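One structure below.
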Protein chains: 2
Amino acid sequence: MSVETPVRDRIVAAARRLVTERGFAATTVDAVLEVARASKGAFFHHFPTKADLGRAIVEDYVADDTALLDRLIAEGESRSSDQAEVLLYVTRSIETISAVPLDEQPSCLMVTFIYENQLDVAGIGEPVTRSIEHWRTRISELLTRAARTRRSLRREDIPAIADHFFVTIEGAFLLARATGDASVLSRQVGQLRRYLELLLAKR
Amino acid sequence: MSVETPVRDRIVAAARRLVTERGFAATTVDAVLEVARASKGAFFHHFPTKADLGRAIVEDYVADDTALLDRLIAEGESRSSDQAEVLLYVTRSIETISAVPLDEQPSCLMVTFIYENQLDVAGIGEPVTRSIEHWRTRISELLTRAARTRRSLRREDIPAIADHFFVTIEGAFLLARATGDASVLSRQVGQLRRYLELLLAKR
DNA sequence: CTAGCGACCGACTAGTTGGTCTGTCAACAT
DNA sequence: ATGTTGACAGACCAACTAGTCGGTCGCTAG
């Protein structure tokens, strides 16, 4: 009786899982089809080439990722008007969220494409850049406003500090996968939080 | 008149370059052969399977990587007996070294295998784990001894702080590649240095 | 009733890909 | 001289891979 999930969605979901697990080049269209219970015809009906599937799943991932950050910032802002507090709330939230078993940790889909140098094909680079930019600007905003009341935070460092979010999270995903230790992620975000606490200390 | 580089070495060198550029799965044996100017016969004479080549290049990379860290620590120790100073020397050195154009930045070969989930084939996981362990223990050593004179550095945080080196460097490689901005690397290592300076401040 | 259309099916294909196999050849021991 | 061995050469192959194509089916507008 239940309405079947549309094939396109099933394909994207299956591909996201497989590509996250084994990389893009190593993920065959046939493998995606099997997991998604879809046919060759359906696949190439929805995606002109495999690269277009790549773009679709990155787009899908970036949408989730962007929505998460926006949600956490909104939550933080509803709790405090001090931008430094908002930023620390976001950081602590990520720390909490990341305390899940390794096989439930999403890991970053974009990394696969970055490391396989697929950024210039089928416009995959565009959503990736957009996502990075999004983190950079939203966190820079918070830092800039927080900097008003904290003189130890230098203006010119702000973009790099903002980027340290992306860097820490992605680096930690990597270390977690390499060591098989899921707790790495939240512990590394914890280091980032500590750094921010030291930078944002009022005095 | 110059002695030809042994084929095996040429294959490893070519493979390191190609795999760093496009990932392991996307690097074909034939492509390696072309760059290395070697034959199929030569290849499978030296490596039973493609996966064994994978292990060989990771081994090769890890050897360089380990040697670099050891060298920097030794240099630092010849300059100061304060372990905190040694650690900051190492960090500043990495910061300096990383200020090179993007196409000369080595990027981390291990990441490819981590993200392609190749760690359990052909024993590739072993050198990777060994390398991570090496960074963790060597930096933890420095931190532990530095902690004696700095009470703000908590013992239980030391392994995570040590791991933050790996995390920052790998994360920054990623961001640099994604944005095409080579300066990211040294700027992110700069954040790490700033964090350490705050943690290691005497008072 | 039917013509058209978008969604989907799956057998098929052209080109790769990792790996095999039969040799060649120089060095060295017997 | 002759046998052996290790380093390589390159034609060949079976399996796989992205992509194609002719066709089916249900829906809807005329």
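In the structure tokens, the first chain shown is A, the next is B, and so on; residue numbers restart at 1 for each chain, and ligands run from 1 in the order shown.
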
>> Show me, as JSON, numbers by chain, the residues that have an atom within 10 Å of region 173-179 of chain A when counting only C-alpha atoms (C1' of nucleotides), minus same-chain residues fewer than 5 positions from it.
In response: {"A": [98, 102, 103, 105, 106, 107, 108, 111, 167, 168, 184, 185, 186, 188], "B": [110, 111, 113, 114, 115, 117, 119, 125, 128, 129, 132, 133, 163, 164, 166, 167, 170, 171]}

> Could you pull the residues within 12 Å of DA14 (chain D), counting only C-alpha atoms (C1' of nucleotides), minus those fewer than 2 positions along the same chain, as number ranges by chain?
Replying inline: C: 17-20; D: 12, 16

Restricting it to N, CA and C atoms (P, O5', C5', C4', C3', O3' and C1' of nucleotides), dump the selection as a compact mmCIF listing (two decimals), in the first residue's frame.
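File produced: result_35.txt:
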# COMPACT_ATOMS: atom_id res chain seq x y z
P DT C 17 41.01 2.17 -18.29
O5' DT C 17 41.21 0.81 -17.48
C5' DT C 17 40.06 0.16 -16.95
C4' DT C 17 40.46 -1.02 -16.08
C3' DT C 17 41.94 -1.08 -15.72
O3' DT C 17 42.10 -1.35 -14.35
C1' DT C 17 41.27 -3.08 -16.83
P DG C 18 43.64 -1.29 -13.72
O5' DG C 18 43.73 -2.78 -13.22
C5' DG C 18 42.79 -3.27 -12.28
C4' DG C 18 42.86 -4.78 -12.24
C3' DG C 18 44.17 -5.35 -11.71
O3' DG C 18 43.88 -6.46 -10.87
C1' DG C 18 43.80 -6.10 -13.94
P DG C 19 45.08 -7.23 -10.09
O5' DG C 19 45.49 -8.35 -11.15
C5' DG C 19 44.48 -9.29 -11.52
C4' DG C 19 44.98 -10.17 -12.63
C3' DG C 19 46.35 -10.82 -12.40
O3' DG C 19 46.18 -12.23 -12.47
C1' DG C 19 46.17 -9.97 -14.59
P DT C 20 47.41 -13.23 -12.30
O5' DT C 20 47.55 -13.87 -13.76
C5' DT C 20 46.39 -14.26 -14.46
C4' DT C 20 46.79 -14.88 -15.80
C3' DT C 20 47.98 -15.82 -15.74
O3' DT C 20 47.68 -16.97 -16.54
C1' DT C 20 48.40 -14.14 -17.35
P DC D 12 48.52 -11.48 -30.25
O5' DC D 12 47.72 -11.91 -28.93
C5' DC D 12 48.22 -13.01 -28.17
C4' DC D 12 47.40 -13.16 -26.90
C3' DC D 12 45.88 -12.99 -27.06
O3' DC D 12 45.27 -14.22 -26.70
C1' DC D 12 46.70 -11.85 -25.13
P DC D 16 33.36 -10.03 -13.21
O5' DC D 16 33.39 -8.48 -13.59
C5' DC D 16 34.58 -7.76 -13.30
C4' DC D 16 34.60 -6.46 -14.04
C3' DC D 16 33.40 -5.54 -13.79
O3' DC D 16 33.93 -4.31 -13.34
C1' DC D 16 33.93 -5.61 -16.08

>> Report as a ChimeraX atom specification all protein, DNA and RNA residues lying within 10 Å of DA18 (chain D), evaluated on only C-alpha atoms (C1' of nucleotides), omitting residues in the same chain fewer than 3 positions from it.
In response: /A:28-30,49-50 /C:15

Could you write those residues out with N, CA and C atoms (P, O5', C5', C4', C3', O3' and C1' of nucleotides), as a PDB file, in the first residue's frame?
ATOM      1  N   THR A  28      30.639   1.500  -8.993  1.00  0.00           N
ATOM      2  CA  THR A  28      30.145   1.293 -10.350  1.00  0.00           C
ATOM      3  C   THR A  28      28.654   1.603 -10.411  1.00  0.00           C
ATOM      4  N   VAL A  29      28.235   1.994 -11.590  1.00  0.00           N
ATOM      5  CA  VAL A  29      26.819   2.277 -11.803  1.00  0.00           C
ATOM      6  C   VAL A  29      25.994   1.033 -11.478  1.00  0.00           C
ATOM      7  N   ASP A  30      26.482  -0.122 -11.899  1.00  0.00           N
ATOM      8  CA  ASP A  30      25.757  -1.371 -11.626  1.00  0.00           C
ATOM      9  C   ASP A  30      25.562  -1.606 -10.137  1.00  0.00           C
ATOM     10  N   THR A  49      25.178  11.125 -17.520  1.00  0.00           N
ATOM     11  CA  THR A  49      26.431  10.389 -17.321  1.00  0.00           C
ATOM     12  C   THR A  49      26.611  10.090 -15.838  1.00  0.00           C
ATOM     13  N   LYS A  50      27.595   9.274 -15.546  1.00  0.00           N
ATOM     14  CA  LYS A  50      27.908   8.956 -14.150  1.00  0.00           C
ATOM     15  C   LYS A  50      28.339  10.217 -13.401  1.00  0.00           C
TER      16      LYS A  50
ATOM     17  P    DG C  15      35.338   1.250 -29.786  1.00  0.00           P
ATOM     18  O5'  DG C  15      36.085   1.470 -28.402  1.00  0.00           O
ATOM     19  C5'  DG C  15      35.476   2.337 -27.454  1.00  0.00           C
ATOM     20  C4'  DG C  15      35.911   1.959 -26.052  1.00  0.00           C
ATOM     21  C3'  DG C  15      37.428   1.780 -25.894  1.00  0.00           C
ATOM     22  O3'  DG C  15      37.815   2.554 -24.781  1.00  0.00           O
ATOM     23  C1'  DG C  15      36.275  -0.022 -24.895  1.00  0.00           C
TER      24       DG C  15
END

>> If we count only C-alpha atoms (C1' of nucleotides) and set the cut-off at 10 Å, which residues sit around DA26 (chain C), ignoring sequence neighbours fewer than 2 positions away in its own chain? Please answer as a list in words.
In response: DT24 and DC28 of chain C; DG6 and DA7 of chain D

Report as a PDB file with C-alpha atoms, in the first residue's frame the set of chain A residues whose atoms approach chain D to within 12 Å, with distances computed over only C-alpha atoms (C1' of nucleotides).
ATOM      1  CA  ALA A  25      35.708   5.885  -9.113  1.00  0.00           C
ATOM      2  CA  ALA A  26      35.369   2.614  -7.242  1.00  0.00           C
ATOM      3  CA  THR A  27      31.582   2.840  -7.194  1.00  0.00           C
ATOM      4  CA  THR A  28      30.145   1.293 -10.350  1.00  0.00           C
ATOM      5  CA  VAL A  29      26.819   2.277 -11.803  1.00  0.00           C
ATOM      6  CA  ASP A  30      25.757  -1.371 -11.626  1.00  0.00           C
ATOM      7  CA  ALA A  31      26.490  -1.493  -7.899  1.00  0.00           C
ATOM      8  CA  LYS A  40      20.111   0.753 -16.280  1.00  0.00           C
ATOM      9  CA  GLY A  41      17.372   2.426 -18.218  1.00  0.00           C
ATOM     10  CA  PHE A  43      19.587   5.430 -14.322  1.00  0.00           C
ATOM     11  CA  PHE A  44      20.486   6.914 -17.678  1.00  0.00           C
ATOM     12  CA  HIS A  45      17.021   8.326 -17.981  1.00  0.00           C
ATOM     13  CA  PHE A  47      21.408  11.095 -15.310  1.00  0.00           C
ATOM     14  CA  PRO A  48      23.097  11.685 -18.669  1.00  0.00           C
ATOM     15  CA  THR A  49      26.431  10.389 -17.321  1.00  0.00           C
ATOM     16  CA  LYS A  50      27.908   8.956 -14.150  1.00  0.00           C
ATOM     17  CA  ALA A  51      29.528  12.331 -13.473  1.00  0.00           C
TER      18      ALA A  51
END

>> Give me the residues near Ala42 (chain A) as a count of residues only, where near means some atom within 10 Å (using only C-alpha atoms (C1' of nucleotides)) and where sequence neighbours in that chain fewer than 3 positions away do not count.
In response: 12

>> Residues within 12 Å of Asp64 (chain B), please, as JSON, numbers by chain. Count only C-alpha atoms (C1' of nucleotides); anything in the same chain fewer than 6 positions from it doesn't count.
In response: {"B": [57, 58, 70, 71, 106, 108, 109, 127, 131]}

> In chain A, what's helix (DSSP H, G or I) per DSSP? Answer as number ranges by chain?
Replying inline: A: 7-22, 29-36, 40-46, 50-79, 83-97, 102-104, 109-115, 125-147, 155-179, 183-200

>> Would you pick out the contacts of Leu68 (chain B) at 12 Å or less, using only C-alpha atoms (C1' of nucleotides), so that residues sharing its chain but fewer than 4 positions from it are not included, and give the list as a ChimeraX atom specification?
In response: /B:61-64,72-75,90,93-94,97,131,134-135

How would the residues just picked look written out with C-alpha atoms as a short mmCIF file (atom, residue, chain, number, x, y, z; two decimals), in the first residue's frame?
data_model
loop_
_atom_site.label_atom_id
_atom_site.label_comp_id
_atom_site.auth_asym_id
_atom_site.auth_seq_id
_atom_site.Cartn_x
_atom_site.Cartn_y
_atom_site.Cartn_z
CA TYR B 61 55.21 7.95 1.55
CA VAL B 62 55.17 7.05 5.24
CA ALA B 63 58.96 6.68 5.26
CA ASP B 64 59.37 10.25 3.96
CA LEU B 72 62.28 18.64 12.57
CA ILE B 73 62.19 17.43 16.17
CA ALA B 74 65.94 16.79 16.12
CA GLU B 75 66.55 20.27 14.72
CA VAL B 90 58.42 22.01 14.68
CA SER B 93 58.87 24.77 10.43
CA ILE B 94 55.84 23.00 9.01
CA ILE B 97 57.61 24.38 4.54
CA SER B 131 52.51 6.77 10.72
CA HIS B 134 54.36 7.96 15.17
CA TRP B 135 53.02 11.53 15.11
#

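Across the structure, CA of Leu200 (chain A) and CA of Ala160 (chain A) are spaced 15.0 Å apart.
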
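In this structure, CA of Arg193 (chain A) sits 11.2 Å away from CA of Ala84 (chain A).
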
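You will find CA of Ala162 (chain B) at 5.6 Å from CA of Ser140 (chain B).
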
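In terms of minimum interatomic distance to Ala146 (chain B), B:Glu197 ranks closest within B:Glu197, B:Glu21, B:Asp60, B:Asp9, counting only C-alpha atoms.
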
> Pick from B:Ala147, B:Ser152, B:Val19, B:Leu142: nearest to Ser81 (chain B), with only C-alpha atoms counted?
Replying inline: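 Of the candidates, the smallest distance to Ser81 (chain B) is held by B:Leu142.
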